[in-house]
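Structure file data24.pdb (PDB, C-alpha atoms, pLDDT in the B column) follows.
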```
ATOM      1  CA  MET Y   1       0.000   0.000   0.000  1.00 58.00           C
ATOM      2  CA  GLU Y   2       3.012   2.236   0.585  1.00 68.00           C
ATOM      3  CA  ALA Y   3       3.713   2.055  -3.128  1.00 74.00           C
ATOM      4  CA  ILE Y   4       0.821   4.321  -4.117  1.00 78.00           C
ATOM      5  CA  PRO Y   5       1.945   7.472  -2.228  1.00 73.00           C
ATOM      6  CA  VAL Y   6       5.505   6.880  -3.457  1.00 68.00           C
ATOM      7  CA  ALA Y   7       4.303   6.560  -7.052  1.00 74.00           C
ATOM      8  CA  ILE Y   8       2.313   9.783  -6.670  1.00 74.00           C
ATOM      9  CA  LYS Y   9       5.402  11.527  -5.311  1.00 69.00           C
ATOM     10  CA  ILE Y  10       7.555  10.283  -8.197  1.00 68.00           C
ATOM     11  CA  LEU Y  11       4.994  11.474 -10.732  1.00 75.00           C
ATOM     12  CA  SER Y  12       4.737  14.863  -9.042  1.00 73.00           C
ATOM     13  CA  THR Y  13       8.499  15.386  -9.484  1.00 72.00           C
ATOM     14  CA  LEU Y  14       8.407  14.712 -13.243  1.00 74.00           C
ATOM     15  CA  PRO Y  15       7.937  18.332 -14.413  1.00 78.00           C
ATOM     16  CA  ALA Y  16      10.951  19.434 -12.321  1.00 73.00           C
ATOM     17  CA  LEU Y  17      12.987  16.531 -13.697  1.00 69.00           C
ATOM     18  CA  ILE Y  18      12.103  17.349 -17.283  1.00 77.00           C
ATOM     19  CA  GLN Y  19      13.082  20.990 -16.719  1.00 76.00           C
ATOM     20  CA  ALA Y  20      16.388  20.006 -15.075  1.00 73.00           C
ATOM     21  CA  GLY Y  21      17.104  17.573 -17.924  1.00 73.00           C
ATOM     22  CA  ALA Y  22      16.382  20.276 -20.502  1.00 78.00           C
ATOM     23  CA  ASN Y  23      18.703  22.710 -18.687  1.00 74.00           C
ATOM     24  CA  VAL Y  24      21.503  20.154 -18.612  1.00 72.00           C
ATOM     25  CA  TYR Y  25      20.970  19.290 -22.296  1.00 76.00           C
ATOM     26  CA  ASN Y  26      21.097  22.974 -23.316  1.00 76.00           C
ATOM     27  CA  LEU Y  27      24.247  23.386 -21.283  1.00 77.00           C
ATOM     28  CA  ILE Y  28      25.889  20.410 -22.966  1.00 77.00           C
ATOM     29  CA  VAL Y  29      25.058  21.763 -26.425  1.00 81.00           C
ATOM     30  CA  LYS Y  30      26.308  25.276 -25.590  1.00 79.00           C
ATOM     31  CA  THR Y  31      29.510  23.993 -23.973  1.00 80.00           C
ATOM     32  CA  LYS Y  32      30.254  21.671 -26.886  1.00 81.00           C
ATOM     33  CA  ASP Y  33      29.828  24.571 -29.315  1.00 84.00           C
ATOM     34  CA  LEU Y  34      31.951  26.804 -27.104  1.00 83.00           C
ATOM     35  CA  LEU Y  35      34.784  24.284 -26.887  1.00 83.00           C
ATOM     36  CA  GLN Y  36      34.729  23.770 -30.653  1.00 86.00           C
ATOM     37  CA  HIS Y  37      34.698  27.506 -31.348  1.00 85.00           C
ATOM     38  CA  ALA Y  38      37.431  28.125 -28.739  1.00 81.00           C
ATOM     39  CA  HIS Y  39      39.522  25.520 -30.557  1.00 81.00           C
ATOM     40  CA  ASP Y  40      38.811  27.196 -33.919  1.00 85.00           C
ATOM     41  CA  GLY Y  41      39.314  30.713 -32.511  1.00 81.00           C
ATOM     42  CA  THR Y  42      35.799  31.723 -33.589  1.00 85.00           C
ATOM     43  CA  VAL Y  43      33.984  32.325 -30.289  1.00 85.00           C
ATOM     44  CA  SER Y  44      31.413  35.100 -30.724  1.00 89.00           C
ATOM     45  CA  THR Y  45      30.593  37.813 -28.202  1.00 90.00           C
ATOM     46  CA  GLN Y  46      26.981  36.602 -28.232  1.00 91.00           C
ATOM     47  CA  GLU Y  47      28.087  33.092 -27.323  1.00 88.00           C
ATOM     48  CA  ILE Y  48      30.042  34.339 -24.321  1.00 92.00           C
ATOM     49  CA  GLU Y  49      27.156  36.571 -23.236  1.00 93.00           C
ATOM     50  CA  ASP Y  50      24.781  33.577 -23.408  1.00 89.00           C
ATOM     51  CA  ILE Y  51      27.072  31.529 -21.142  1.00 91.00           C
ATOM     52  CA  GLU Y  52      27.401  34.455 -18.723  1.00 95.00           C
ATOM     53  CA  ALA Y  53      23.612  34.945 -18.599  1.00 94.00           C
ATOM     54  CA  MET Y  54      23.030  31.250 -17.950  1.00 91.00           C
ATOM     55  CA  HIS Y  55      25.732  31.223 -15.247  1.00 95.00           C
ATOM     56  CA  ASP Y  56      24.290  34.278 -13.495  1.00 97.00           C
ATOM     57  CA  SER Y  57      20.717  33.018 -13.691  1.00 95.00           C
ATOM     58  CA  GLU Y  58      21.432  29.567 -12.186  1.00 94.00           C
ATOM     59  CA  LEU Y  59      23.756  31.026  -9.536  1.00 97.00           C
ATOM     60  CA  ALA Y  60      21.195  33.661  -8.490  1.00 98.00           C
ATOM     61  CA  ARG Y  61      18.464  31.021  -8.285  1.00 96.00           C
ATOM     62  CA  PHE Y  62      20.595  28.993  -5.875  1.00 97.00           C
ATOM     63  CA  ASN Y  63      21.870  31.943  -3.837  1.00 98.00           C
ATOM     64  CA  LEU Y  64      18.390  33.444  -3.328  1.00 96.00           C
ATOM     65  CA  ARG Y  65      16.979  30.373  -1.609  1.00 89.00           C
TER      66      ARG Y  65
ATOM     67  CA  MET X  66      12.279   4.505   0.231  1.00 51.00           C
ATOM     68  CA  ARG X  67      12.872   8.267   0.244  1.00 54.00           C
ATOM     69  CA  LYS X  68      16.594   7.734  -0.384  1.00 53.00           C
ATOM     70  CA  ILE X  69      15.776   5.579  -3.401  1.00 50.00           C
ATOM     71  CA  LEU X  70      13.379   8.250  -4.640  1.00 52.00           C
ATOM     72  CA  LEU X  71      15.982  11.000  -4.251  1.00 54.00           C
ATOM     73  CA  GLY X  72      18.568   8.921  -6.098  1.00 54.00           C
ATOM     74  CA  ALA X  73      16.135   8.254  -8.920  1.00 49.00           C
ATOM     75  CA  VAL X  74      15.091  11.896  -9.054  1.00 48.00           C
ATOM     76  CA  LEU X  75      18.615  13.259  -9.285  1.00 55.00           C
ATOM     77  CA  CYS X  76      19.824  10.584 -11.703  1.00 49.00           C
ATOM     78  CA  LEU X  77      16.931  11.313 -14.059  1.00 46.00           C
ATOM     79  CA  GLY X  78      17.261  15.063 -13.665  1.00 47.00           C
ATOM     80  CA  LEU X  79      20.963  14.918 -14.325  1.00 50.00           C
ATOM     81  CA  ALA X  80      20.912  12.318 -17.059  1.00 47.00           C
ATOM     82  CA  GLY X  81      23.570  14.233 -18.943  1.00 48.00           C
ATOM     83  CA  CYS X  82      26.182  13.806 -16.203  1.00 52.00           C
ATOM     84  CA  ALA X  83      28.361  11.383 -18.146  1.00 51.00           C
ATOM     85  CA  GLN X  84      28.502  13.778 -21.078  1.00 52.00           C
ATOM     86  CA  LEU X  85      29.131  16.666 -18.703  1.00 54.00           C
ATOM     87  CA  GLN X  86      32.061  14.778 -17.204  1.00 57.00           C
ATOM     88  CA  ALA X  87      33.596  14.408 -20.654  1.00 54.00           C
ATOM     89  CA  LEU X  88      33.071  18.116 -21.303  1.00 54.00           C
ATOM     90  CA  ARG X  89      34.499  18.976 -17.904  1.00 56.00           C
ATOM     91  CA  ASP X  90      37.632  16.959 -18.629  1.00 54.00           C
ATOM     92  CA  THR X  91      38.047  18.681 -21.986  1.00 50.00           C
ATOM     93  CA  ALA X  92      37.388  22.081 -20.444  1.00 50.00           C
ATOM     94  CA  SER X  93      39.896  21.344 -17.716  1.00 53.00           C
ATOM     95  CA  THR X  94      42.519  20.431 -20.306  1.00 48.00           C
ATOM     96  CA  ILE X  95      41.894  23.642 -22.240  1.00 46.00           C
ATOM     97  CA  THR X  96      41.895  25.768 -19.102  1.00 46.00           C
ATOM     98  CA  GLN X  97      45.139  24.276 -17.857  1.00 49.00           C
ATOM     99  CA  GLY X  98      46.768  25.186 -21.141  1.00 47.00           C
ATOM    100  CA  TYR X  99      46.086  28.884 -20.551  1.00 48.00           C
ATOM    101  CA  THR X 100      46.771  29.300 -16.840  1.00 57.00           C
ATOM    102  CA  GLN X 101      49.086  32.283 -17.414  1.00 79.00           C
ATOM    103  CA  VAL X 102      46.561  34.202 -19.534  1.00 90.00           C
ATOM    104  CA  VAL X 103      42.826  34.470 -18.864  1.00 92.00           C
ATOM    105  CA  THR X 104      40.910  34.879 -22.123  1.00 90.00           C
ATOM    106  CA  PRO X 105      37.149  35.454 -22.539  1.00 91.00           C
ATOM    107  CA  GLU X 106      36.980  31.956 -24.049  1.00 88.00           C
ATOM    108  CA  ASN X 107      38.556  30.053 -21.173  1.00 86.00           C
ATOM    109  CA  LEU X 108      36.620  32.105 -18.615  1.00 92.00           C
ATOM    110  CA  ALA X 109      33.417  31.138 -20.478  1.00 91.00           C
ATOM    111  CA  VAL X 110      34.441  27.462 -20.339  1.00 87.00           C
ATOM    112  CA  VAL X 111      34.900  27.730 -16.556  1.00 90.00           C
ATOM    113  CA  GLU X 112      31.527  29.489 -16.234  1.00 92.00           C
ATOM    114  CA  ALA X 113      29.832  26.771 -18.290  1.00 89.00           C
ATOM    115  CA  GLY X 114      31.317  24.097 -16.015  1.00 86.00           C
ATOM    116  CA  ALA X 115      30.210  26.048 -12.924  1.00 91.00           C
ATOM    117  CA  THR X 116      26.704  26.357 -14.380  1.00 91.00           C
ATOM    118  CA  ALA X 117      26.481  22.558 -14.556  1.00 86.00           C
ATOM    119  CA  VAL X 118      27.205  22.485 -10.808  1.00 89.00           C
ATOM    120  CA  TYR X 119      24.535  25.133 -10.118  1.00 92.00           C
ATOM    121  CA  VAL X 120      21.937  23.244 -12.190  1.00 89.00           C
ATOM    122  CA  ALA X 121      22.627  20.140 -10.091  1.00 87.00           C
ATOM    123  CA  LEU X 122      22.482  22.150  -6.857  1.00 93.00           C
ATOM    124  CA  ASN X 123      19.179  23.733  -7.895  1.00 92.00           C
ATOM    125  CA  THR X 124      17.725  20.303  -8.670  1.00 88.00           C
ATOM    126  CA  TYR X 125      18.791  19.140  -5.190  1.00 91.00           C
ATOM    127  CA  ALA X 126      17.359  22.294  -3.597  1.00 94.00           C
ATOM    128  CA  ASP X 127      14.068  21.914  -5.505  1.00 90.00           C
ATOM    129  CA  GLN X 128      13.734  18.369  -4.159  1.00 87.00           C
ATOM    130  CA  CYS X 129      14.658  19.651  -0.693  1.00 92.00           C
ATOM    131  CA  ASP X 130      11.821  22.194  -0.907  1.00 92.00           C
ATOM    132  CA  LEU X 131       9.437  19.386  -1.879  1.00 87.00           C
ATOM    133  CA  GLY X 132      10.449  17.360   1.186  1.00 88.00           C
ATOM    134  CA  ASN X 133      12.065  14.576  -0.841  1.00 84.00           C
ATOM    135  CA  VAL X 134      15.535  14.798   0.739  1.00 87.00           C
ATOM    136  CA  PRO X 135      15.957  13.037   4.088  1.00 87.00           C
ATOM    137  CA  PRO X 136      18.517  14.300   6.669  1.00 91.00           C
ATOM    138  CA  ILE X 137      21.942  12.674   6.391  1.00 87.00           C
ATOM    139  CA  GLY X 138      23.812  12.234   9.675  1.00 86.00           C
ATOM    140  CA  GLY X 139      21.307  14.518  11.391  1.00 90.00           C
ATOM    141  CA  ILE X 140      21.989  17.356   8.934  1.00 93.00           C
ATOM    142  CA  THR X 141      18.978  18.612   6.988  1.00 96.00           C
ATOM    143  CA  CYS X 142      19.093  19.545   3.318  1.00 95.00           C
ATOM    144  CA  LYS X 143      18.350  23.177   4.298  1.00 96.00           C
ATOM    145  CA  GLU X 144      21.535  23.194   6.403  1.00 97.00           C
ATOM    146  CA  VAL X 145      23.497  21.641   3.541  1.00 97.00           C
ATOM    147  CA  ILE X 146      22.273  24.365   1.189  1.00 97.00           C
ATOM    148  CA  SER X 147      23.279  27.069   3.701  1.00 97.00           C
ATOM    149  CA  ARG X 148      26.778  25.587   3.967  1.00 97.00           C
ATOM    150  CA  ILE X 149      27.197  25.585   0.187  1.00 97.00           C
ATOM    151  CA  GLN X 150      25.870  29.145  -0.063  1.00 98.00           C
ATOM    152  CA  VAL X 151      28.740  30.338   2.164  1.00 98.00           C
ATOM    153  CA  HIS X 152      30.898  29.857  -0.957  1.00 98.00           C
ATOM    154  CA  THR X 153      28.455  30.519  -3.812  1.00 98.00           C
ATOM    155  CA  ARG X 154      27.295  33.854  -2.402  1.00 98.00           C
ATOM    156  CA  LYS X 155      30.840  35.232  -2.764  1.00 98.00           C
ATOM    157  CA  ILE X 156      30.981  34.451  -6.490  1.00 98.00           C
ATOM    158  CA  PRO X 157      28.799  37.287  -7.911  1.00 97.00           C
ATOM    159  CA  GLY X 158      30.989  39.949  -6.287  1.00 97.00           C
ATOM    160  CA  ILE X 159      34.063  38.494  -7.963  1.00 98.00           C
ATOM    161  CA  ILE X 160      32.772  37.384 -11.355  1.00 98.00           C
ATOM    162  CA  VAL X 161      31.641  40.873 -12.415  1.00 97.00           C
ATOM    163  CA  PRO X 162      35.038  42.602 -11.982  1.00 98.00           C
ATOM    164  CA  LEU X 163      36.742  39.467 -13.328  1.00 98.00           C
ATOM    165  CA  ARG X 164      34.828  39.711 -16.626  1.00 97.00           C
ATOM    166  CA  LYS X 165      35.757  43.405 -16.845  1.00 97.00           C
ATOM    167  CA  PHE X 166      39.462  42.693 -16.230  1.00 97.00           C
ATOM    168  CA  VAL X 167      39.429  39.921 -18.848  1.00 96.00           C
ATOM    169  CA  ARG X 168      37.782  42.167 -21.460  1.00 95.00           C
ATOM    170  CA  GLU X 169      40.306  44.915 -20.719  1.00 96.00           C
ATOM    171  CA  ASN X 170      43.130  42.350 -20.753  1.00 95.00           C
ATOM    172  CA  ARG X 171      44.342  43.402 -17.273  1.00 96.00           C
ATOM    173  CA  GLN X 172      46.048  40.076 -16.787  1.00 95.00           C
ATOM    174  CA  PRO X 173      47.470  40.223 -13.233  1.00 94.00           C
ATOM    175  CA  ASP X 174      44.088  41.322 -11.795  1.00 96.00           C
ATOM    176  CA  ALA X 175      42.191  38.897 -14.029  1.00 97.00           C
ATOM    177  CA  LEU X 176      44.397  35.955 -13.082  1.00 95.00           C
ATOM    178  CA  ARG X 177      44.040  36.673  -9.351  1.00 96.00           C
ATOM    179  CA  LEU X 178      40.208  36.787  -9.502  1.00 97.00           C
ATOM    180  CA  TYR X 179      40.071  33.854 -11.933  1.00 95.00           C
ATOM    181  CA  GLU X 180      41.907  31.670  -9.394  1.00 94.00           C
ATOM    182  CA  GLU X 181      39.611  32.937  -6.620  1.00 96.00           C
ATOM    183  CA  VAL X 182      36.455  32.095  -8.597  1.00 96.00           C
ATOM    184  CA  LYS X 183      37.758  28.613  -9.390  1.00 94.00           C
ATOM    185  CA  ARG X 184      38.591  28.122  -5.695  1.00 95.00           C
ATOM    186  CA  LEU X 185      35.055  29.128  -4.638  1.00 96.00           C
ATOM    187  CA  ILE X 186      33.419  26.870  -7.239  1.00 94.00           C
ATOM    188  CA  ASN X 187      35.561  23.937  -6.079  1.00 93.00           C
ATOM    189  CA  ALA X 188      34.844  24.745  -2.416  1.00 95.00           C
ATOM    190  CA  ALA X 189      31.085  24.763  -3.103  1.00 95.00           C
ATOM    191  CA  ARG X 190      31.333  21.496  -5.055  1.00 92.00           C
ATOM    192  CA  ASN X 191      33.448  19.823  -2.361  1.00 93.00           C
ATOM    193  CA  GLU X 192      31.083  21.004   0.392  1.00 94.00           C
ATOM    194  CA  ALA X 193      28.160  19.548  -1.579  1.00 93.00           C
ATOM    195  CA  LEU X 194      29.936  16.225  -2.141  1.00 91.00           C
ATOM    196  CA  SER X 195      30.978  15.895   1.502  1.00 92.00           C
ATOM    197  CA  SER X 196      27.383  16.628   2.570  1.00 91.00           C
ATOM    198  CA  GLY X 197      25.973  13.836   0.426  1.00 87.00           C
ATOM    199  CA  VAL X 198      24.678  15.877  -2.511  1.00 88.00           C
ATOM    200  CA  PRO X 199      24.911  13.536  -5.531  1.00 77.00           C
ATOM    201  CA  LEU X 200      27.168  15.688  -7.693  1.00 73.00           C
ATOM    202  CA  ARG X 201      29.628  13.090  -8.962  1.00 63.00           C
ATOM    203  CA  GLY X 202      30.246  13.540 -12.641  1.00 61.00           C
ATOM    204  CA  VAL X 203      29.251  17.216 -12.573  1.00 64.00           C
TER     205      VAL X 203
END
```
Any chance you could put this one into structure tokens?
Amino acid sequence: MEAIPVAIKILSTLPALIQAGANVYNLIVKTKDLLQHAHDGTVSTQEIEDIEAMHDSELARFNLR
Amino acid sequence: MRKILLGAVLCLGLAGCAQLQALRDTASTITQGYTQVVTPENLAVVEAGATAVYVALNTYADQCDLGNVPPIGGITCKEVISRIQVHTRKIPGIIVPLRKFVRENRQPDALRLYEEVKRLINAARNEALSSGVPLRGV
């Protein structure tokens, strides 16, 4: 009987998990591009600004708890 | 049961950890190659790696808020978060002037703050790991 509340709890965490997974995926894509462009010497200002914005946003979210 | 749930939650939420580890290794290699000069590119690589840590910490904190993280050794997840924040709350005050120094190519100042930011990120990560936050691979 304990399984039902646990299953409900797992299901209730799914939206947060999907969001976290999407954030990690975006980060992987951006970092891969960044590393490739750093290697090629073609990193754009926009690319760096995107990384900075993402860094500041995630850091602020954690620090403001 | 709650421990199993937390493990499942964080593993699913951080499904990209193995790929992140590979990126982190590559980033580390690149960064080590430029330790005498801080460029916008290698600072961005460090910031991207730090962001992966923050995403993981936010996932942990979200689950803490939902009551899914049991105390470990009598220490609550709220206390763990406070301990990590001792380090992370110092980062914004350093990263802003660091970016300015890097853009202006003021290398001695940039290098000093760059090392300080890396130290704080590592301190936050180590505090999280020693408190049982599942960050391995990030």
Atom pair atom CA of Asp56 of chain Y / atom CA of Ser147 of chain X: separation (Å) | 18.7 Å
Care to translate the PyMOL selection byres ((chain X and resi 179) around 9) into actual residues of this file, as number ranges by chain?
-> X: 103, 108, 159-160, 163, 174-178, 180-184
Output check: residues returned by the PyMOL selection byres ((chain Y and resi 51) around 9), as a PyMOL selection string | (chain Y and resi 27+30-31+46-50+52-56) or (chain X and resi 109-110+112-113+116)
Apply the PyMOL selection byres ((chain Y) within 6 of (chain X)) to the structure shown and report the selected residues as an MDAnalysis selection string.
-> chainID Y and resid 17 20:21 55 58:59 62:63
Atom pair atom CA of Ile137 of chain X + atom CA of Thr13 of chain Y, distance 21.0 Å
Report the centre and edge lengths, in Å to one decimal, of an axis-aligned box enclosing every atom of segment 105-110 of chain X listed in the file, padded by 8 Å on each side, as AutoDock Vina command-line options.
```
--center_x 36.0 --center_y 31.5 --center_z -21.3 --size_x 21.1 --size_y 24.0 --size_z 21.4
```
Atom CA of Glu144 of chain X to atom CA of Arg61 of chain Y measures 16.9 Å
Which residue of X:Gly158, X:Ser195, X:Gly132, X:Asn187 approaches Ser12 of chain Y most closely, using all atoms listed in the file = X:Gly132
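Proximity to Ala16 of chain Y was assessed for X:Tyr125, X:Pro162, X:Thr141, X:Asn191 counting only C-alpha atoms; the smallest distance is recorded for X:Tyr125.
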For segment 151-163 of chain X, where the input has fewer atoms than it should, I would like N, CA, C and O atoms rebuilt and written as a PDB file, in the coordinates of the input.
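Generated file (rebuild.pdb):
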```
ATOM      1  N   VAL X 151      27.613  29.569   1.596  1.00 98.00           N
ATOM      2  CA  VAL X 151      28.740  30.338   2.164  1.00 98.00           C
ATOM      3  C   VAL X 151      29.755  30.636   1.050  1.00 98.00           C
ATOM      4  O   VAL X 151      30.333  31.722   0.991  1.00 98.00           O
ATOM      5  N   HIS X 152      29.938  29.691   0.144  1.00 98.00           N
ATOM      6  CA  HIS X 152      30.898  29.857  -0.957  1.00 98.00           C
ATOM      7  C   HIS X 152      30.239  30.523  -2.170  1.00 98.00           C
ATOM      8  O   HIS X 152      30.791  31.459  -2.744  1.00 98.00           O
ATOM      9  N   THR X 153      29.055  30.031  -2.554  1.00 98.00           N
ATOM     10  CA  THR X 153      28.455  30.519  -3.812  1.00 98.00           C
ATOM     11  C   THR X 153      28.044  31.986  -3.725  1.00 98.00           C
ATOM     12  O   THR X 153      28.023  32.673  -4.743  1.00 98.00           O
ATOM     13  N   ARG X 154      27.720  32.454  -2.524  1.00 98.00           N
ATOM     14  CA  ARG X 154      27.295  33.854  -2.402  1.00 98.00           C
ATOM     15  C   ARG X 154      28.453  34.840  -2.566  1.00 98.00           C
ATOM     16  O   ARG X 154      28.232  36.035  -2.721  1.00 98.00           O
ATOM     17  N   LYS X 155      29.684  34.349  -2.540  1.00 98.00           N
ATOM     18  CA  LYS X 155      30.840  35.232  -2.764  1.00 98.00           C
ATOM     19  C   LYS X 155      31.145  35.384  -4.260  1.00 98.00           C
ATOM     20  O   LYS X 155      31.883  36.279  -4.659  1.00 98.00           O
ATOM     21  N   ILE X 156      30.603  34.470  -5.061  1.00 98.00           N
ATOM     22  CA  ILE X 156      30.981  34.451  -6.490  1.00 98.00           C
ATOM     23  C   ILE X 156      30.498  35.686  -7.267  1.00 98.00           C
ATOM     24  O   ILE X 156      31.287  36.264  -8.024  1.00 98.00           O
ATOM     25  N   PRO X 157      29.231  36.135  -7.087  1.00 97.00           N
ATOM     26  CA  PRO X 157      28.799  37.287  -7.911  1.00 97.00           C
ATOM     27  C   PRO X 157      29.675  38.522  -7.737  1.00 97.00           C
ATOM     28  O   PRO X 157      29.928  39.250  -8.706  1.00 97.00           O
ATOM     29  N   GLY X 158      30.153  38.769  -6.531  1.00 97.00           N
ATOM     30  CA  GLY X 158      30.989  39.949  -6.287  1.00 97.00           C
ATOM     31  C   GLY X 158      32.363  39.864  -6.917  1.00 97.00           C
ATOM     32  O   GLY X 158      33.073  40.872  -7.004  1.00 97.00           O
ATOM     33  N   ILE X 159      32.736  38.679  -7.358  1.00 98.00           N
ATOM     34  CA  ILE X 159      34.063  38.494  -7.963  1.00 98.00           C
ATOM     35  C   ILE X 159      33.949  38.351  -9.482  1.00 98.00           C
ATOM     36  O   ILE X 159      34.792  38.839 -10.227  1.00 98.00           O
ATOM     37  N   ILE X 160      32.872  37.695  -9.920  1.00 98.00           N
ATOM     38  CA  ILE X 160      32.772  37.384 -11.355  1.00 98.00           C
ATOM     39  C   ILE X 160      32.587  38.657 -12.198  1.00 98.00           C
ATOM     40  O   ILE X 160      33.091  38.745 -13.315  1.00 98.00           O
ATOM     41  N   VAL X 161      31.896  39.648 -11.641  1.00 97.00           N
ATOM     42  CA  VAL X 161      31.641  40.873 -12.415  1.00 97.00           C
ATOM     43  C   VAL X 161      32.951  41.626 -12.700  1.00 97.00           C
ATOM     44  O   VAL X 161      33.255  41.901 -13.873  1.00 97.00           O
ATOM     45  N   PRO X 162      33.755  41.948 -11.656  1.00 98.00           N
ATOM     46  CA  PRO X 162      35.038  42.602 -11.982  1.00 98.00           C
ATOM     47  C   PRO X 162      35.976  41.701 -12.781  1.00 98.00           C
ATOM     48  O   PRO X 162      36.739  42.187 -13.623  1.00 98.00           O
ATOM     49  N   LEU X 163      35.894  40.388 -12.564  1.00 98.00           N
ATOM     50  CA  LEU X 163      36.742  39.467 -13.328  1.00 98.00           C
ATOM     51  C   LEU X 163      36.466  39.584 -14.832  1.00 98.00           C
ATOM     52  O   LEU X 163      37.397  39.688 -15.639  1.00 98.00           O
TER      53      LEU X 163
END
```
